[in-house]
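One structure is given here, and the rest of the page talks about it.
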2 protein chains.
Amino acid sequence: MNEIDTLIRLFSRLPGFGARSARRTVLYLIKKRETQFLPLISAMTSVAEHISVCPVCGNFDSQTPCAVCRDVKRDPTTVCVVQDVADLWAIERSGYFKGKYHVLGGLLSPIDGTGPDELKLPVLEKRIRDEGIKELILALPATVDGQTTGHYITELFQNAGIRISSLAQGIPVGGELDYMDDGTIRTALASRR
Amino acid sequence: MNEIDTLIRLFSRLPGFGARSARRTVLYLIKKRETQFLPLISAMTSVAEHISVCPVCGNFDSQTPCAVCRDVKRDPTTVCVVQDVADLWAIERSGYFKGKYHVLGGLLSPIDGTGPDELKLPVLEKRIRDEGIKELILALPATVDGQTTGHYITELFQNAGIRISSLAQGIPVGGELDYMDDGTIRTALASRR
């Protein structure tokens, strides 16, 4: 197998890629050697060498602890609990939240066999003990596993003397009622303000 | 701008990528550092270092001339003319053609301002003179620019003493008539055998 085929095979394993898009990407990169291919290789090498998991919150960064954990202007008493780094990035893009984070690295799932030991809960317990945390905001997916995980965390810390809240559920901004599923409309009605 | 953002920005410039798929790919790679990220970097580096354009036919390969041009079991008297390396790969996947290739690197296009000088036609002229080529198969797209380019090549070599043919046009294998456009049905009727 030659170098080009090996590269196509590796690209086709990435999420969202198939054989056709992998071939297209590889051809494109070979043609744009100087402007795209070499800069991409260099940026990938830099990320692979320098990025690690923040031991405090689970974010990815080149610094340890990560930039969010080191930022003294952020409120250390409010911690937003998320499933994945992608969710942390999504909340950061909204620009609204000025507290800290905790990335669980998954959700409790009886079906997949994911128990509490697989999530970063011991680190969260330690942070609540040591860092003077006053509120946990659970920003977990509105799925069965997300709800299960939320309930578990709420029970786990019910005697820790902290406030625990969850993201509001309802109609998304700009969402049209006609396109919403029944569950969303029911929740939005029940939680009306 | 940190390393991760730089990498996301570079990925989002690739064809078929947007901001969201670039973020997803970068997160995926960071999480699969050993099994996917490092092998991908190494395969990309190897392609960037070793692959070049074949000076004879325009294919991409680590050898010069390319593996197809060097293969003595292939018929050197029949040359298939294609627009792009992607088309050469597509014909090779079909496994039917056992001649050689010539990659034009584009099509004549009055609208885009692509003239004969931008295509690899001088090299093709030289090959016809020197290599004993007896037949050109024009495997060009069934578009206006593809047709224009085909006519131009046919005229250019009409006194070169070679046969010039084109790919047959008609209904694709497995194609349902109901889904074919009018032009395809008209061509298939006119070229019936």
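Just so we're on the same page: first chain in the structure tokens is A, next is B, and so on; residues restart at 1 for each chain, and ligands are numbered from 1 in the order they show up.
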
Write down, as a ChimeraX atom specification, each residue of chain B that has any atom within 6 Å of an atom of chain A, counting only C-alpha atoms.
-> /B:3,7,43,47

Extract, using only C-alpha atoms, all DNA, RNA and protein residues at most 8 Å from Pro76 in chain A, discarding same-chain residues fewer than 6 positions from it, and format them as a PDB file with N, CA and C atoms, in the first residue's frame.
ATOM      1  N   GLY A  99     -17.848  31.684  35.363  1.00  0.00           N
ATOM      2  CA  GLY A  99     -17.341  30.850  36.450  1.00  0.00           C
ATOM      3  C   GLY A  99     -16.315  29.866  35.928  1.00  0.00           C
ATOM      4  N   LYS A 100     -16.166  28.742  36.637  1.00  0.00           N
ATOM      5  CA  LYS A 100     -15.227  27.706  36.203  1.00  0.00           C
ATOM      6  C   LYS A 100     -16.002  26.481  35.713  1.00  0.00           C
ATOM      7  N   GLU A 131     -12.089  24.041  47.241  1.00  0.00           N
ATOM      8  CA  GLU A 131     -12.040  25.308  46.514  1.00  0.00           C
ATOM      9  C   GLU A 131     -13.123  26.314  46.911  1.00  0.00           C
ATOM     10  N   GLY A 132     -13.912  26.003  47.924  1.00  0.00           N
ATOM     11  CA  GLY A 132     -14.950  26.943  48.345  1.00  0.00           C
ATOM     12  C   GLY A 132     -16.055  27.126  47.327  1.00  0.00           C
ATOM     13  N   ILE A 133     -16.392  26.048  46.585  1.00  0.00           N
ATOM     14  CA  ILE A 133     -17.457  26.109  45.583  1.00  0.00           C
ATOM     15  C   ILE A 133     -18.813  26.257  46.269  1.00  0.00           C
TER      16      ILE A 133
END

Residues of chain B in strand (DSSP E or B) according to DSSP, as a PyMOL selection string?
-> chain B and resi 52-53+60-61+75-82+99-103+109+114+135-139+163-166

Write the residues of the selection above to a file with N, CA, C and O atoms, as a short mmCIF file (atom, residue, chain, number, x, y, z; two decimals), in the first residue's frame.
data_model
loop_
_atom_site.label_atom_id
_atom_site.label_comp_id
_atom_site.auth_asym_id
_atom_site.auth_seq_id
_atom_site.Cartn_x
_atom_site.Cartn_y
_atom_site.Cartn_z
N SER B 52 5.18 13.63 -5.46
CA SER B 52 5.32 14.74 -6.41
C SER B 52 4.53 14.43 -7.68
O SER B 52 3.99 13.33 -7.83
N VAL B 53 4.46 15.41 -8.56
CA VAL B 53 3.70 15.26 -9.80
C VAL B 53 4.56 14.50 -10.81
O VAL B 53 5.72 14.87 -11.04
N PHE B 60 -0.01 11.73 -9.25
CA PHE B 60 0.77 11.94 -8.04
C PHE B 60 1.36 10.61 -7.61
O PHE B 60 0.65 9.61 -7.53
N ASP B 61 2.66 10.60 -7.29
CA ASP B 61 3.27 9.36 -6.82
C ASP B 61 4.58 9.66 -6.12
O ASP B 61 5.13 10.76 -6.24
N ASP B 75 -0.40 -1.04 -21.73
CA ASP B 75 -0.29 -0.71 -23.15
C ASP B 75 0.08 0.77 -23.34
O ASP B 75 -0.72 1.66 -23.05
N PRO B 76 1.32 1.05 -23.85
CA PRO B 76 1.74 2.46 -23.98
C PRO B 76 1.15 3.15 -25.21
O PRO B 76 1.32 4.35 -25.37
N THR B 77 0.43 2.41 -26.06
CA THR B 77 -0.09 3.01 -27.29
C THR B 77 -1.48 3.62 -27.07
O THR B 77 -1.97 4.36 -27.91
N THR B 78 -2.12 3.30 -25.94
CA THR B 78 -3.44 3.87 -25.64
C THR B 78 -3.34 4.78 -24.41
O THR B 78 -2.93 4.32 -23.34
N VAL B 79 -3.70 6.05 -24.59
CA VAL B 79 -3.58 7.01 -23.49
C VAL B 79 -4.95 7.60 -23.19
O VAL B 79 -5.64 8.09 -24.09
N CYS B 80 -5.33 7.54 -21.91
CA CYS B 80 -6.61 8.08 -21.48
C CYS B 80 -6.37 9.50 -20.94
O CYS B 80 -5.58 9.70 -20.01
N VAL B 81 -7.07 10.49 -21.55
CA VAL B 81 -6.88 11.89 -21.16
C VAL B 81 -7.94 12.29 -20.14
O VAL B 81 -9.14 12.15 -20.40
N VAL B 82 -7.51 12.72 -18.94
CA VAL B 82 -8.45 13.11 -17.88
C VAL B 82 -8.17 14.54 -17.42
O VAL B 82 -7.10 15.09 -17.66
N GLY B 99 -4.23 0.91 -20.23
CA GLY B 99 -3.30 1.77 -20.95
C GLY B 99 -2.64 2.75 -19.99
O GLY B 99 -2.52 2.48 -18.79
N LYS B 100 -2.18 3.88 -20.57
CA LYS B 100 -1.56 4.91 -19.74
C LYS B 100 -2.49 6.12 -19.64
O LYS B 100 -3.56 6.14 -20.24
N TYR B 101 -2.05 7.13 -18.91
CA TYR B 101 -2.90 8.30 -18.68
C TYR B 101 -2.21 9.59 -19.08
O TYR B 101 -0.98 9.65 -19.21
N HIS B 102 -3.04 10.65 -19.23
CA HIS B 102 -2.49 11.99 -19.29
C HIS B 102 -3.44 12.95 -18.56
O HIS B 102 -4.60 13.09 -18.95
N VAL B 103 -2.94 13.57 -17.48
CA VAL B 103 -3.76 14.48 -16.68
C VAL B 103 -3.59 15.91 -17.19
O VAL B 103 -2.48 16.45 -17.17
N SER B 109 -11.83 26.90 -20.50
CA SER B 109 -13.05 27.57 -20.03
C SER B 109 -12.98 29.05 -20.37
O SER B 109 -12.24 29.79 -19.71
N THR B 114 -9.52 30.09 -18.72
CA THR B 114 -8.49 29.05 -18.84
C THR B 114 -8.27 28.72 -20.32
O THR B 114 -9.17 28.20 -20.98
N GLU B 135 -3.84 5.67 -29.83
CA GLU B 135 -5.22 6.09 -29.52
C GLU B 135 -5.27 6.95 -28.27
O GLU B 135 -4.63 6.66 -27.26
N LEU B 136 -6.06 8.04 -28.37
CA LEU B 136 -6.38 8.86 -27.20
C LEU B 136 -7.83 8.59 -26.83
O LEU B 136 -8.71 8.67 -27.68
N ILE B 137 -8.08 8.26 -25.54
CA ILE B 137 -9.46 8.15 -25.07
C ILE B 137 -9.74 9.38 -24.21
O ILE B 137 -9.11 9.58 -23.17
N LEU B 138 -10.67 10.22 -24.67
CA LEU B 138 -10.97 11.43 -23.90
C LEU B 138 -12.00 11.09 -22.83
O LEU B 138 -13.17 10.84 -23.12
N ALA B 139 -11.54 11.05 -21.57
CA ALA B 139 -12.45 10.76 -20.44
C ALA B 139 -12.68 12.06 -19.69
O ALA B 139 -12.26 12.24 -18.55
N ARG B 163 -6.03 7.61 -33.41
CA ARG B 163 -7.47 7.51 -33.22
C ARG B 163 -7.84 8.28 -31.97
O ARG B 163 -7.13 8.22 -30.96
N ILE B 164 -8.95 9.03 -32.03
CA ILE B 164 -9.41 9.75 -30.83
C ILE B 164 -10.85 9.33 -30.55
O ILE B 164 -11.72 9.45 -31.41
N SER B 165 -11.08 8.81 -29.34
CA SER B 165 -12.44 8.41 -28.97
C SER B 165 -12.83 9.09 -27.66
O SER B 165 -11.99 9.67 -26.97
N SER B 166 -14.12 9.02 -27.33
CA SER B 166 -14.60 9.60 -26.07
C SER B 166 -15.38 8.55 -25.30
O SER B 166 -15.90 7.60 -25.88
#

For Pro172 in chain B, work out the shell of residues within 12 Å, counting only C-alpha atoms and skipping chain neighbours fewer than 4 positions away, then give it as an mmCIF file with N, CA and C atoms, in the first residue's frame.
data_model
loop_
_atom_site.group_PDB
_atom_site.id
_atom_site.type_symbol
_atom_site.label_atom_id
_atom_site.label_comp_id
_atom_site.auth_asym_id
_atom_site.auth_seq_id
_atom_site.Cartn_x
_atom_site.Cartn_y
_atom_site.Cartn_z
ATOM 1 N N ALA B 168 -18.461 6.741 -23.689
ATOM 2 C CA ALA B 168 -19.863 6.704 -24.095
ATOM 3 C C ALA B 168 -20.718 7.468 -23.092
ATOM 4 N N GLU B 176 -32.110 4.670 -12.737
ATOM 5 C CA GLU B 176 -33.530 4.567 -13.038
ATOM 6 C C GLU B 176 -33.934 5.727 -13.939
ATOM 7 N N LEU B 177 -34.662 5.405 -15.008
ATOM 8 C CA LEU B 177 -35.031 6.421 -16.004
ATOM 9 C C LEU B 177 -35.728 7.615 -15.361
ATOM 10 N N TYR B 179 -35.260 9.060 -12.700
ATOM 11 C CA TYR B 179 -34.385 10.012 -12.023
ATOM 12 C C TYR B 179 -33.419 10.715 -12.974
ATOM 13 N N MET B 180 -33.413 10.325 -14.267
ATOM 14 C CA MET B 180 -32.457 10.908 -15.213
ATOM 15 C C MET B 180 -32.977 12.245 -15.721
ATOM 16 N N ASP B 181 -32.049 13.182 -15.976
ATOM 17 C CA ASP B 181 -32.467 14.459 -16.552
ATOM 18 C C ASP B 181 -32.732 14.283 -18.041
ATOM 19 N N THR B 184 -29.735 13.582 -20.485
ATOM 20 C CA THR B 184 -29.184 12.227 -20.447
ATOM 21 C C THR B 184 -30.067 11.280 -21.244
ATOM 22 N N ILE B 185 -31.390 11.386 -21.068
ATOM 23 C CA ILE B 185 -32.314 10.500 -21.791
ATOM 24 C C ILE B 185 -32.214 10.751 -23.300
ATOM 25 N N ALA B 188 -28.976 9.245 -24.538
ATOM 26 C CA ALA B 188 -29.038 7.781 -24.524
ATOM 27 C C ALA B 188 -29.883 7.265 -25.689
#

One-decimal distance in Å that lies between CA of Gly105 in chain A and CA of Leu121 in chain A = 9.7 Å

Using DSSP on the backbone, list every residue of chain A that comes out as alpha helix (DSSP H), and give them as a PyMOL selection string.
-> chain A and resi 3-12+19-31+38-50+67-70+85-94+121-130+144-156+182-190

Using CA of Asp117 in chain A and CA of Leu140 in chain A as the two end points, give the distance in Å to one decimal.
-> 17.8 Å

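From CA of Gln147 in chain A back to CA of Gly115 in chain A, the distance works out to 14.2 Å.
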